[in-house]
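I have placed the structure first, in the form of structure tokens, so that the comments after it can refer back to it.
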Amino acid sequence: AGAVGRRQCNKKQDMVVCVNCAKPVNSIVKVFAPGTIRLTRCGGCGKVADKYVEYELTLIILDLILHRSSVYRHLLFNRIYEETRPFLDYGVYLPFLKLLLVSLFFTAITKCNRYQIDNGLSLSDVAAGKLLQIAIISVLEFCAFAVGVFLAVKVWVGKRYAVIMWNYLLMALILSCFGKPCLILTMVWDNHRDHFVSLLTVLVTTSNIVGVKVFMESSTLEATAVIFCGHVMRWFLQLLVYFLVDPSLPVGITIF
């Protein structure tokens, strides 16, 4: 049933899954003595339940870029972020909040840079109120995107599962936006800005699809449809801003 239908519980072991086949496992490591552990094998697929326990951060990031579903399962369900709260009934872990803030910050910075270029202004010429508007729009766009995804998931699987762990869906969306901080490079590569943004748009969108696919344990097509619904909500908000607030603001029908 994947993460969608997994029942709420208070023990981390009830949430631990095999990163390869997503089946629940009792534990991902066995401790024989202080400093002596062995990785557990999954009873379903026979593979090591979570190889990422021994991976360095660089390799984990590389697998995120390569769109490995297994690394999403590790980071969402198996990694312990807080010893006192190994499983969350509600809310999100602090590292995910930090990643969200960083993503929103660089999205807003990129929009400000685009606003300057489109209007032929320098940063000192942009009013503080306009910068605040752009920052608020960046936050609202992410919220609209998340609401669209949530509604699509509710319609898609709401009748099949009594419990949907919305906070883990939110963390999956945040995690899959890991590429957004790279937007800062658009301020350096002016000559190739459009090409870079296009590539980054593909990276973030396909990562969103992988994140939702892991959460729902669905097909790629189903996850793509859910992400599309999220972008429809984002585009609707962008149109409202364009026609009702200020057409000069950097919104348009874009991902960033």
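Naming scheme: A, B, ... for chains in displayed order of the structure tokens; residues 1 onward per chain; ligands 1 onward as shown.
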
If we count only C-alpha atoms, what is near Leu66 of chain A at a cut-off of 12 Å, once residues fewer than 3 positions away on the same chain are taken out, given as JSON, numbers by chain? {"A": [59, 60, 61, 62, 63, 69, 70, 71, 72, 176, 179, 203, 204, 206, 207, 210]}

Dump as an mmCIF file, in the first residue's frame, selection limited to N, CA, C and O atoms:
data_model
loop_
_atom_site.group_PDB
_atom_site.id
_atom_site.type_symbol
_atom_site.label_atom_id
_atom_site.label_comp_id
_atom_site.auth_asym_id
_atom_site.auth_seq_id
_atom_site.Cartn_x
_atom_site.Cartn_y
_atom_site.Cartn_z
ATOM 1 N N LEU A 59 27.007 10.603 -2.154
ATOM 2 C CA LEU A 59 26.404 9.515 -2.933
ATOM 3 C C LEU A 59 24.883 9.567 -2.864
ATOM 4 O O LEU A 59 24.195 9.233 -3.835
ATOM 5 N N ILE A 60 24.359 9.990 -1.720
ATOM 6 C CA ILE A 60 22.906 10.124 -1.574
ATOM 7 C C ILE A 60 22.384 11.208 -2.506
ATOM 8 O O ILE A 60 21.368 11.038 -3.188
ATOM 9 N N ILE A 61 23.087 12.347 -2.557
ATOM 10 C CA ILE A 61 22.693 13.435 -3.448
ATOM 11 C C ILE A 61 22.774 12.989 -4.904
ATOM 12 O O ILE A 61 21.901 13.315 -5.723
ATOM 13 N N LEU A 62 23.811 12.219 -5.231
ATOM 14 C CA LEU A 62 23.965 11.714 -6.600
ATOM 15 C C LEU A 62 22.778 10.839 -6.992
ATOM 16 O O LEU A 62 22.249 10.958 -8.111
ATOM 17 N N ASP A 63 22.331 9.982 -6.082
ATOM 18 C CA ASP A 63 21.185 9.123 -6.380
ATOM 19 C C ASP A 63 19.895 9.929 -6.480
ATOM 20 O O ASP A 63 18.969 9.544 -7.210
ATOM 21 N N SER A 69 14.319 5.794 -6.842
ATOM 22 C CA SER A 69 13.210 5.722 -5.885
ATOM 23 C C SER A 69 13.693 5.273 -4.513
ATOM 24 O O SER A 69 13.161 5.693 -3.484
ATOM 25 N N SER A 70 14.722 4.442 -4.509
ATOM 26 C CA SER A 70 15.226 3.888 -3.257
ATOM 27 C C SER A 70 15.748 4.975 -2.315
ATOM 28 O O SER A 70 15.553 4.885 -1.096
ATOM 29 N N VAL A 71 16.383 6.010 -2.853
ATOM 30 C CA VAL A 71 16.937 7.048 -1.983
ATOM 31 C C VAL A 71 15.818 7.884 -1.367
ATOM 32 O O VAL A 71 15.929 8.377 -0.240
ATOM 33 N N TYR A 72 14.708 8.032 -2.082
ATOM 34 C CA TYR A 72 13.559 8.743 -1.515
ATOM 35 C C TYR A 72 12.964 7.953 -0.352
ATOM 36 O O TYR A 72 12.583 8.527 0.665
ATOM 37 N N SER A 176 11.812 16.545 -3.222
ATOM 38 C CA SER A 176 11.968 16.472 -4.672
ATOM 39 C C SER A 176 12.244 17.835 -5.311
ATOM 40 O O SER A 176 12.501 17.910 -6.511
ATOM 41 N N GLY A 179 16.608 20.522 -6.274
ATOM 42 C CA GLY A 179 17.378 21.190 -7.318
ATOM 43 C C GLY A 179 17.159 22.688 -7.404
ATOM 44 O O GLY A 179 17.924 23.397 -8.076
ATOM 45 N N LEU A 203 14.504 18.840 -14.377
ATOM 46 C CA LEU A 203 15.025 18.121 -13.211
ATOM 47 C C LEU A 203 14.046 18.165 -12.046
ATOM 48 O O LEU A 203 13.724 17.118 -11.451
ATOM 49 N N VAL A 204 13.550 19.355 -11.717
ATOM 50 C CA VAL A 204 12.656 19.497 -10.567
ATOM 51 C C VAL A 204 11.319 18.804 -10.826
ATOM 52 O O VAL A 204 10.784 18.109 -9.951
ATOM 53 N N THR A 206 10.596 16.264 -12.923
ATOM 54 C CA THR A 206 10.733 14.808 -12.909
ATOM 55 C C THR A 206 11.030 14.292 -11.503
ATOM 56 O O THR A 206 10.594 13.196 -11.125
ATOM 57 N N SER A 207 11.747 15.086 -10.706
ATOM 58 C CA SER A 207 12.000 14.705 -9.314
ATOM 59 C C SER A 207 10.695 14.724 -8.522
ATOM 60 O O SER A 207 10.460 13.847 -7.674
ATOM 61 N N VAL A 210 8.932 11.520 -9.206
ATOM 62 C CA VAL A 210 9.520 10.392 -8.470
ATOM 63 C C VAL A 210 9.086 10.440 -7.004
ATOM 64 O O VAL A 210 8.732 9.411 -6.413
#

Contacts of Leu183 of chain A within 8 Å, only C-alpha atoms, excl. fewer than 6 positions in-chain, as number ranges by chain: A: 106-107, 110, 197, 200

DSSP on the backbone: which residues in segment 108-236 of chain A end up as helix (DSSP H, G or I)? Give the answer as a PyMOL selection string. chain A and resi 108-119+123-125+128-157+166-175+180-187+190-216+220-236

Residues at most 12 Å from Phe150 of chain A, counting only C-alpha atoms, excluding those fewer than 5 positions away in the same chain, as a JSON list (two decimals) with all heavy atoms, in the first residue's frame?
[["chain", "number", "residue", "atom", "x", "y", "z"],
["A", 4, "VAL", "N", 0.96, 5.88, 1.42],
["A", 4, "VAL", "CA", -0.37, 6.46, 1.50],
["A", 4, "VAL", "C", -1.22, 5.76, 2.53],
["A", 4, "VAL", "O", -1.84, 6.37, 3.39],
["A", 4, "VAL", "CB", -1.07, 6.37, 0.12],
["A", 4, "VAL", "CG1", -2.45, 7.01, 0.21],
["A", 4, "VAL", "CG2", -0.24, 7.07, -0.92],
["A", 143, "CYS", "N", 2.50, 26.90, -2.30],
["A", 143, "CYS", "CA", 1.30, 26.47, -1.59],
["A", 143, "CYS", "C", 0.23, 26.00, -2.58],
["A", 143, "CYS", "O", -0.43, 24.97, -2.36],
["A", 143, "CYS", "CB", 0.75, 27.60, -0.73],
["A", 143, "CYS", "SG", 1.79, 28.03, 0.68],
["A", 144, "ALA", "N", 0.05, 26.75, -3.67],
["A", 144, "ALA", "CA", -0.93, 26.37, -4.69],
["A", 144, "ALA", "C", -0.56, 25.03, -5.32],
["A", 144, "ALA", "O", -1.42, 24.17, -5.54],
["A", 144, "ALA", "CB", -1.03, 27.45, -5.75],
["A", 145, "PHE", "N", 0.72, 24.86, -5.60],
["A", 145, "PHE", "CA", 1.20, 23.60, -6.17],
["A", 145, "PHE", "C", 0.93, 22.44, -5.22],
["A", 145, "PHE", "O", 0.41, 21.40, -5.62],
["A", 145, "PHE", "CB", 2.70, 23.73, -6.44],
["A", 145, "PHE", "CG", 3.36, 22.44, -6.84],
["A", 145, "PHE", "CD1", 3.07, 21.83, -8.06],
["A", 145, "PHE", "CD2", 4.28, 21.83, -6.01],
["A", 145, "PHE", "CE1", 3.69, 20.65, -8.43],
["A", 145, "PHE", "CE2", 4.91, 20.65, -6.36],
["A", 145, "PHE", "CZ", 4.61, 20.06, -7.58],
["A", 155, "VAL", "N", -8.32, 12.57, -4.46],
["A", 155, "VAL", "CA", -9.26, 12.02, -5.44],
["A", 155, "VAL", "C", -8.79, 10.65, -5.92],
["A", 155, "VAL", "O", -9.58, 9.73, -6.09],
["A", 155, "VAL", "CB", -9.42, 12.99, -6.64],
["A", 155, "VAL", "CG1", -10.21, 12.32, -7.76],
["A", 155, "VAL", "CG2", -10.09, 14.28, -6.20],
["A", 156, "TRP", "N", -7.46, 10.52, -6.11],
["A", 156, "TRP", "CA", -6.90, 9.30, -6.70],
["A", 156, "TRP", "C", -6.98, 8.12, -5.75],
["A", 156, "TRP", "O", -7.34, 7.01, -6.15],
["A", 156, "TRP", "CB", -5.44, 9.55, -7.10],
["A", 156, "TRP", "CG", -5.03, 8.81, -8.34],
["A", 156, "TRP", "CD1", -4.66, 7.50, -8.44],
["A", 156, "TRP", "CD2", -4.98, 9.33, -9.66],
["A", 156, "TRP", "NE1", -4.35, 7.19, -9.74],
["A", 156, "TRP", "CE2", -4.55, 8.29, -10.51],
["A", 156, "TRP", "CE3", -5.24, 10.60, -10.21],
["A", 156, "TRP", "CZ2", -4.38, 8.48, -11.89],
["A", 156, "TRP", "CZ3", -5.06, 10.77, -11.57],
["A", 156, "TRP", "CH2", -4.64, 9.72, -12.39],
["A", 157, "VAL", "N", -6.62, 8.32, -4.48],
["A", 157, "VAL", "CA", -6.52, 7.19, -3.56],
["A", 157, "VAL", "C", -7.37, 7.35, -2.31],
["A", 157, "VAL", "O", -7.35, 6.49, -1.43],
["A", 157, "VAL", "CB", -5.04, 6.95, -3.14],
["A", 157, "VAL", "CG1", -4.18, 6.66, -4.34],
["A", 157, "VAL", "CG2", -4.51, 8.16, -2.38],
["A", 158, "GLY", "N", -8.12, 8.45, -2.20],
["A", 158, "GLY", "CA", -8.87, 8.72, -0.98],
["A", 158, "GLY", "C", -9.87, 7.63, -0.61],
["A", 158, "GLY", "O", -10.10, 7.37, 0.57],
["A", 164, "ILE", "N", -4.34, 8.95, 5.13],
["A", 164, "ILE", "CA", -3.32, 9.43, 4.21],
["A", 164, "ILE", "C", -2.39, 10.34, 4.99],
["A", 164, "ILE", "O", -2.83, 11.31, 5.60],
["A", 164, "ILE", "CB", -3.93, 10.20, 3.03],
["A", 164, "ILE", "CG1", -4.86, 9.30, 2.22],
["A", 164, "ILE", "CG2", -2.84, 10.77, 2.13],
["A", 164, "ILE", "CD1", -5.55, 10.00, 1.06],
["A", 165, "MET", "N", -1.12, 10.03, 4.99],
["A", 165, "MET", "CA", -0.15, 10.80, 5.77],
["A", 165, "MET", "C", 0.29, 12.03, 4.98],
["A", 165, "MET", "O", 1.30, 12.02, 4.28],
["A", 165, "MET", "CB", 1.04, 9.92, 6.14],
["A", 165, "MET", "CG", 0.63, 8.71, 6.96],
["A", 165, "MET", "SD", 2.05, 7.74, 7.51],
["A", 165, "MET", "CE", 2.83, 7.34, 5.95],
["A", 166, "TRP", "N", -0.51, 13.08, 5.10],
["A", 166, "TRP", "CA", -0.28, 14.28, 4.30],
["A", 166, "TRP", "C", 1.09, 14.91, 4.59],
["A", 166, "TRP", "O", 1.70, 15.49, 3.69],
["A", 166, "TRP", "CB", -1.39, 15.29, 4.57],
["A", 166, "TRP", "CG", -2.75, 14.81, 4.20],
["A", 166, "TRP", "CD1", -3.77, 14.47, 5.05],
["A", 166, "TRP", "CD2", -3.26, 14.57, 2.88],
["A", 166, "TRP", "NE1", -4.87, 14.05, 4.34],
["A", 166, "TRP", "CE2", -4.59, 14.10, 3.01],
["A", 166, "TRP", "CE3", -2.70, 14.70, 1.60],
["A", 166, "TRP", "CZ2", -5.36, 13.77, 1.90],
["A", 166, "TRP", "CZ3", -3.48, 14.38, 0.50],
["A", 166, "TRP", "CH2", -4.80, 13.92, 0.67],
["A", 167, "ASN", "N", 1.54, 14.81, 5.83],
["A", 167, "ASN", "CA", 2.83, 15.43, 6.15],
["A", 167, "ASN", "C", 3.98, 14.73, 5.41],
["A", 167, "ASN", "O", 4.95, 15.38, 5.00],
["A", 167, "ASN", "CB", 3.08, 15.42, 7.65],
["A", 167, "ASN", "CG", 3.00, 14.04, 8.27],
["A", 167, "ASN", "OD1", 2.25, 13.17, 7.81],
["A", 167, "ASN", "ND2", 3.75, 13.82, 9.33],
["A", 168, "TYR", "N", 3.87, 13.43, 5.19],
["A", 168, "TYR", "CA", 4.92, 12.73, 4.45],
["A", 168, "TYR", "C", 4.83, 13.03, 2.95],
["A", 168, "TYR", "O", 5.85, 13.04, 2.25],
["A", 168, "TYR", "CB", 4.85, 11.23, 4.71],
["A", 168, "TYR", "CG", 5.51, 10.85, 6.01],
["A", 168, "TYR", "CD1", 4.82, 10.94, 7.21],
["A", 168, "TYR", "CD2", 6.84, 10.46, 6.05],
["A", 168, "TYR", "CE1", 5.43, 10.63, 8.42],
["A", 168, "TYR", "CE2", 7.46, 10.14, 7.25],
["A", 168, "TYR", "CZ", 6.75, 10.24, 8.44],
["A", 168, "TYR", "OH", 7.37, 9.94, 9.62],
["A", 169, "LEU", "N", 3.63, 13.29, 2.46],
["A", 169, "LEU", "CA", 3.48, 13.74, 1.08],
["A", 169, "LEU", "C", 4.14, 15.11, 0.91],
["A", 169, "LEU", "O", 4.83, 15.36, -0.08],
["A", 169, "LEU", "CB", 2.01, 13.80, 0.69],
["A", 169, "LEU", "CG", 1.70, 14.39, -0.70],
["A", 169, "LEU", "CD1", 2.45, 13.63, -1.79],
["A", 169, "LEU", "CD2", 0.19, 14.35, -0.97],
["A", 170, "LEU", "N", 3.92, 15.99, 1.89],
["A", 170, "LEU", "CA", 4.54, 17.32, 1.84],
["A", 170, "LEU", "C", 6.06, 17.19, 1.87],
["A", 170, "LEU", "O", 6.77, 17.89, 1.11],
["A", 170, "LEU", "CB", 4.06, 18.18, 3.00],
["A", 170, "LEU", "CG", 4.66, 19.58, 3.11],
["A", 170, "LEU", "CD1", 4.37, 20.38, 1.84],
["A", 170, "LEU", "CD2", 4.13, 20.31, 4.34],
["A", 172, "ALA", "N", 7.78, 14.69, 0.82],
["A", 172, "ALA", "CA", 8.20, 14.15, -0.47],
["A", 172, "ALA", "C", 8.29, 15.26, -1.51],
["A", 172, "ALA", "O", 9.22, 15.28, -2.32],
["A", 172, "ALA", "CB", 7.21, 13.07, -0.92],
["A", 173, "LEU", "N", 7.34, 16.19, -1.48],
["A", 173, "LEU", "CA", 7.37, 17.32, -2.42],
["A", 173, "LEU", "C", 8.57, 18.22, -2.15],
["A", 173, "LEU", "O", 9.24, 18.67, -3.08],
["A", 173, "LEU", "CB", 6.07, 18.12, -2.32],
["A", 173, "LEU", "CG", 4.80, 17.46, -2.85],
["A", 173, "LEU", "CD1", 3.60, 18.38, -2.64],
["A", 173, "LEU", "CD2", 4.95, 17.12, -4.33],
["A", 212, "VAL", "N", 6.37, 11.76, -5.62],
["A", 212, "VAL", "CA", 4.96, 11.37, -5.48],
["A", 212, "VAL", "C", 4.77, 9.88, -5.79],
["A", 212, "VAL", "O", 3.98, 9.19, -5.14],
["A", 212, "VAL", "CB", 4.07, 12.23, -6.41],
["A", 212, "VAL", "CG1", 2.65, 11.68, -6.48],
["A", 212, "VAL", "CG2", 4.04, 13.67, -5.93],
["A", 215, "PHE", "N", 5.74, 8.00, -2.73],
["A", 215, "PHE", "CA", 4.74, 8.15, -1.68],
["A", 215, "PHE", "C", 3.51, 7.30, -1.96],
["A", 215, "PHE", "O", 2.99, 6.62, -1.07],
["A", 215, "PHE", "CB", 4.33, 9.62, -1.54],
["A", 215, "PHE", "CG", 3.24, 9.85, -0.54],
["A", 215, "PHE", "CD1", 3.52, 9.94, 0.82],
["A", 215, "PHE", "CD2", 1.92, 9.96, -0.94],
["A", 215, "PHE", "CE1", 2.51, 10.13, 1.74],
["A", 215, "PHE", "CE2", 0.90, 10.15, -0.02],
["A", 215, "PHE", "CZ", 1.20, 10.25, 1.33],
["A", 216, "MET", "N", 3.01, 7.35, -3.19],
["A", 216, "MET", "CA", 1.79, 6.64, -3.55],
["A", 216, "MET", "C", 2.03, 5.18, -3.89],
["A", 216, "MET", "O", 1.09, 4.39, -3.93],
["A", 216, "MET", "CB", 1.12, 7.33, -4.74],
["A", 216, "MET", "CG", 0.62, 8.73, -4.49],
["A", 216, "MET", "SD", -0.04, 9.51, -6.00],
["A", 216, "MET", "CE", -1.37, 8.40, -6.43],
["A", 223, "ALA", "N", 1.64, 9.28, -11.15],
["A", 223, "ALA", "CA", 2.37, 10.35, -10.45],
["A", 223, "ALA", "C", 2.49, 11.59, -11.33],
["A", 223, "ALA", "O", 2.39, 12.72, -10.84],
["A", 223, "ALA", "CB", 3.76, 9.85, -10.04],
["A", 226, "VAL", "N", -0.73, 13.52, -11.18],
["A", 226, "VAL", "CA", -0.86, 14.23, -9.91],
["A", 226, "VAL", "C", -0.03, 15.51, -9.92],
["A", 226, "VAL", "O", -0.52, 16.58, -9.52],
["A", 226, "VAL", "CB", -0.42, 13.32, -8.74],
["A", 226, "VAL", "CG1", -0.28, 14.13, -7.45],
["A", 226, "VAL", "CG2", -1.43, 12.19, -8.54],
["A", 227, "ILE", "N", 1.20, 15.42, -10.39],
["A", 227, "ILE", "CA", 2.07, 16.61, -10.46],
["A", 227, "ILE", "C", 1.50, 17.63, -11.44],
["A", 227, "ILE", "O", 1.56, 18.85, -11.20],
["A", 227, "ILE", "CB", 3.50, 16.21, -10.86],
["A", 227, "ILE", "CG1", 4.15, 15.40, -9.74],
["A", 227, "ILE", "CG2", 4.34, 17.44, -11.17],
["A", 227, "ILE", "CD1", 4.26, 16.13, -8.42],
["A", 228, "PHE", "N", 0.93, 17.17, -12.53],
["A", 228, "PHE", "CA", 0.31, 18.08, -13.49],
["A", 228, "PHE", "C", -0.82, 18.87, -12.83],
["A", 228, "PHE", "O", -0.96, 20.08, -13.07],
["A", 228, "PHE", "CB", -0.23, 17.30, -14.69],
["A", 228, "PHE", "CG", -0.93, 18.17, -15.70],
["A", 228, "PHE", "CD1", -0.20, 18.98, -16.56],
["A", 228, "PHE", "CD2", -2.31, 18.17, -15.79],
["A", 228, "PHE", "CE1", -0.85, 19.79, -17.48],
["A", 228, "PHE", "CE2", -2.96, 18.98, -16.71],
["A", 228, "PHE", "CZ", -2.23, 19.79, -17.56],
["A", 229, "CYS", "N", -1.61, 18.20, -12.00],
["A", 229, "CYS", "CA", -2.70, 18.89, -11.28],
["A", 229, "CYS", "C", -2.13, 19.98, -10.37],
["A", 229, "CYS", "O", -2.71, 21.06, -10.23],
["A", 229, "CYS", "CB", -3.50, 17.89, -10.46],
["A", 229, "CYS", "SG", -4.49, 16.75, -11.45],
["A", 230, "GLY", "N", -0.98, 19.69, -9.75],
["A", 230, "GLY", "CA", -0.34, 20.69, -8.91],
["A", 230, "GLY", "C", 0.09, 21.91, -9.70],
["A", 230, "GLY", "O", -0.11, 23.05, -9.26],
["A", 231, "HIS", "N", 0.63, 21.69, -10.89],
["A", 231, "HIS", "CA", 1.06, 22.81, -11.72],
["A", 231, "HIS", "C", -0.13, 23.58, -12.29],
["A", 231, "HIS", "O", -0.03, 24.79, -12.50],
["A", 231, "HIS", "CB", 1.97, 22.31, -12.84],
["A", 231, "HIS", "CG", 3.35, 21.95, -12.38],
["A", 231, "HIS", "ND1", 4.16, 22.84, -11.69],
["A", 231, "HIS", "CD2", 4.06, 20.81, -12.49],
["A", 231, "HIS", "CE1", 5.30, 22.27, -11.40],
["A", 231, "HIS", "NE2", 5.27, 21.03, -11.87],
["A", 233, "MET", "N", -2.84, 24.20, -10.67],
["A", 233, "MET", "CA", -3.19, 25.12, -9.58],
["A", 233, "MET", "C", -2.20, 26.28, -9.50],
["A", 233, "MET", "O", -2.57, 27.43, -9.27],
["A", 233, "MET", "CB", -3.20, 24.37, -8.25],
["A", 233, "MET", "CG", -4.38, 23.43, -8.07],
["A", 233, "MET", "SD", -5.95, 24.32, -7.91],
["A", 233, "MET", "CE", -5.76, 25.05, -6.27]]

Residues flagged strand (DSSP E or B) by DSSP in segment 6-149 of chain A, as a PyMOL selection string: chain A and resi 17+24+29-33+36-39+41+48

Pull all heavy atoms from the residues just selected and write them as an mmCIF file, in the first residue's frame.
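For reference, part.cif as written:
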data_model
loop_
_atom_site.group_PDB
_atom_site.id
_atom_site.type_symbol
_atom_site.label_atom_id
_atom_site.label_comp_id
_atom_site.auth_asym_id
_atom_site.auth_seq_id
_atom_site.Cartn_x
_atom_site.Cartn_y
_atom_site.Cartn_z
ATOM 1 N N VAL A 17 11.030 0.638 5.824
ATOM 2 C CA VAL A 17 10.701 -0.139 4.634
ATOM 3 C C VAL A 17 11.977 -0.536 3.903
ATOM 4 O O VAL A 17 13.042 0.057 4.099
ATOM 5 C CB VAL A 17 9.793 0.654 3.672
ATOM 6 C CG1 VAL A 17 8.484 1.031 4.322
ATOM 7 C CG2 VAL A 17 10.517 1.900 3.154
ATOM 8 N N PRO A 24 7.487 -3.480 4.207
ATOM 9 C CA PRO A 24 7.927 -3.203 5.584
ATOM 10 C C PRO A 24 8.942 -4.226 6.072
ATOM 11 O O PRO A 24 8.868 -5.403 5.730
ATOM 12 C CB PRO A 24 6.626 -3.308 6.382
ATOM 13 C CG PRO A 24 5.524 -3.132 5.393
ATOM 14 C CD PRO A 24 6.038 -3.729 4.112
ATOM 15 N N VAL A 29 19.100 -2.416 10.392
ATOM 16 C CA VAL A 29 20.408 -2.877 10.869
ATOM 17 C C VAL A 29 20.215 -3.777 12.088
ATOM 18 O O VAL A 29 19.234 -3.642 12.823
ATOM 19 C CB VAL A 29 21.346 -1.700 11.246
ATOM 20 C CG1 VAL A 29 21.683 -0.869 10.036
ATOM 21 C CG2 VAL A 29 20.737 -0.848 12.356
ATOM 22 N N LYS A 30 21.145 -4.687 12.287
ATOM 23 C CA LYS A 30 21.179 -5.524 13.477
ATOM 24 C C LYS A 30 22.454 -5.208 14.245
ATOM 25 O O LYS A 30 23.548 -5.248 13.685
ATOM 26 C CB LYS A 30 21.141 -7.006 13.108
ATOM 27 C CG LYS A 30 19.811 -7.462 12.528
ATOM 28 C CD LYS A 30 19.813 -8.958 12.243
ATOM 29 C CE LYS A 30 18.461 -9.415 11.697
ATOM 30 N NZ LYS A 30 18.458 -10.878 11.408
ATOM 31 N N VAL A 31 22.304 -4.875 15.520
ATOM 32 C CA VAL A 31 23.445 -4.516 16.362
ATOM 33 C C VAL A 31 23.853 -5.736 17.178
ATOM 34 O O VAL A 31 23.065 -6.266 17.963
ATOM 35 C CB VAL A 31 23.098 -3.339 17.298
ATOM 36 C CG1 VAL A 31 24.314 -2.985 18.151
ATOM 37 C CG2 VAL A 31 22.632 -2.130 16.489
ATOM 38 N N PHE A 32 25.083 -6.203 16.995
ATOM 39 C CA PHE A 32 25.583 -7.361 17.717
ATOM 40 C C PHE A 32 26.398 -6.955 18.944
ATOM 41 O O PHE A 32 26.395 -7.632 19.954
ATOM 42 C CB PHE A 32 26.439 -8.232 16.793
ATOM 43 C CG PHE A 32 25.662 -8.834 15.656
ATOM 44 C CD1 PHE A 32 25.651 -8.224 14.409
ATOM 45 C CD2 PHE A 32 24.944 -9.994 15.843
ATOM 46 C CE1 PHE A 32 24.928 -8.776 13.365
ATOM 47 C CE2 PHE A 32 24.224 -10.567 14.800
ATOM 48 C CZ PHE A 32 24.215 -9.945 13.557
ATOM 49 N N ALA A 33 27.081 -5.841 18.827
ATOM 50 C CA ALA A 33 27.889 -5.314 19.927
ATOM 51 C C ALA A 33 28.148 -3.851 19.618
ATOM 52 O O ALA A 33 27.964 -3.412 18.477
ATOM 53 C CB ALA A 33 29.206 -6.093 20.054
ATOM 54 N N THR A 36 29.464 -2.793 16.244
ATOM 55 C CA THR A 36 29.359 -3.928 15.322
ATOM 56 C C THR A 36 27.912 -4.073 14.860
ATOM 57 O O THR A 36 27.030 -4.422 15.647
ATOM 58 C CB THR A 36 29.810 -5.238 15.980
ATOM 59 O OG1 THR A 36 31.135 -5.083 16.488
ATOM 60 C CG2 THR A 36 29.772 -6.385 14.970
ATOM 61 N N ILE A 37 27.660 -3.783 13.603
ATOM 62 C CA ILE A 37 26.308 -3.887 13.056
ATOM 63 C C ILE A 37 26.347 -4.641 11.734
ATOM 64 O O ILE A 37 27.399 -4.767 11.098
ATOM 65 C CB ILE A 37 25.680 -2.494 12.832
ATOM 66 C CG1 ILE A 37 26.476 -1.707 11.776
ATOM 67 C CG2 ILE A 37 25.597 -1.712 14.134
ATOM 68 C CD1 ILE A 37 25.806 -0.416 11.359
ATOM 69 N N ARG A 38 25.179 -5.133 11.342
ATOM 70 C CA ARG A 38 25.054 -5.783 10.046
ATOM 71 C C ARG A 38 23.758 -5.310 9.410
ATOM 72 O O ARG A 38 22.720 -5.200 10.073
ATOM 73 C CB ARG A 38 25.033 -7.304 10.205
ATOM 74 C CG ARG A 38 25.054 -8.049 8.862
ATOM 75 C CD ARG A 38 25.040 -9.546 9.061
ATOM 76 N NE ARG A 38 23.750 -10.004 9.558
ATOM 77 C CZ ARG A 38 23.470 -11.279 9.856
ATOM 78 N NH1 ARG A 38 24.426 -12.196 9.747
ATOM 79 N NH2 ARG A 38 22.285 -11.607 10.296
ATOM 80 N N LEU A 39 23.837 -5.016 8.120
ATOM 81 C CA LEU A 39 22.654 -4.547 7.407
ATOM 82 C C LEU A 39 21.659 -5.698 7.247
ATOM 83 O O LEU A 39 22.035 -6.828 6.922
ATOM 84 C CB LEU A 39 23.038 -3.992 6.042
ATOM 85 C CG LEU A 39 23.988 -2.777 6.050
ATOM 86 C CD1 LEU A 39 24.231 -2.295 4.627
ATOM 87 C CD2 LEU A 39 23.413 -1.651 6.894
ATOM 88 N N ARG A 41 18.605 -7.859 5.596
ATOM 89 C CA ARG A 41 18.103 -8.178 4.261
ATOM 90 C C ARG A 41 16.581 -8.256 4.284
ATOM 91 O O ARG A 41 15.987 -8.701 5.257
ATOM 92 C CB ARG A 41 18.690 -9.500 3.754
ATOM 93 C CG ARG A 41 20.159 -9.389 3.374
ATOM 94 C CD ARG A 41 20.642 -10.604 2.618
ATOM 95 N NE ARG A 41 22.000 -10.413 2.118
ATOM 96 C CZ ARG A 41 22.291 -9.823 0.966
ATOM 97 N NH1 ARG A 41 21.313 -9.399 0.181
ATOM 98 N NH2 ARG A 41 23.548 -9.662 0.587
ATOM 99 N N VAL A 48 19.634 -6.152 0.423
ATOM 100 C CA VAL A 48 19.873 -5.359 1.623
ATOM 101 C C VAL A 48 18.751 -4.336 1.751
ATOM 102 O O VAL A 48 18.454 -3.597 0.802
ATOM 103 C CB VAL A 48 21.238 -4.645 1.544
ATOM 104 C CG1 VAL A 48 21.397 -3.669 2.700
ATOM 105 C CG2 VAL A 48 22.358 -5.665 1.552
#

Any idea what the distance is between atom CA of Ser103 of chain A and atom CA of Lys180 of chain A?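 Interatomic distance, atom CA of Ser103 of chain A to atom CA of Lys180 of chain A: 5.4 Å.
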
Which residue of A:Phe96, A:Cys42, A:Thr58, A:Arg160 approaches Lys23 of chain A most closely, using only C-alpha atoms: A:Cys42

Using only C-alpha atoms, which residue out of A:His195, A:Arg79, A:Lys98, A:Lys47 lies closest to Cys21 of chain A?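 For Cys21 of chain A, the nearest of the candidates is A:Lys47.
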
Atom CA of Leu94 of chain A to atom CA of Tyr81 of chain A, distance in Å rounded to a single decimal: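 One can read the atom CA of Leu94 of chain A to atom CA of Tyr81 of chain A distance as 8.1 Å.
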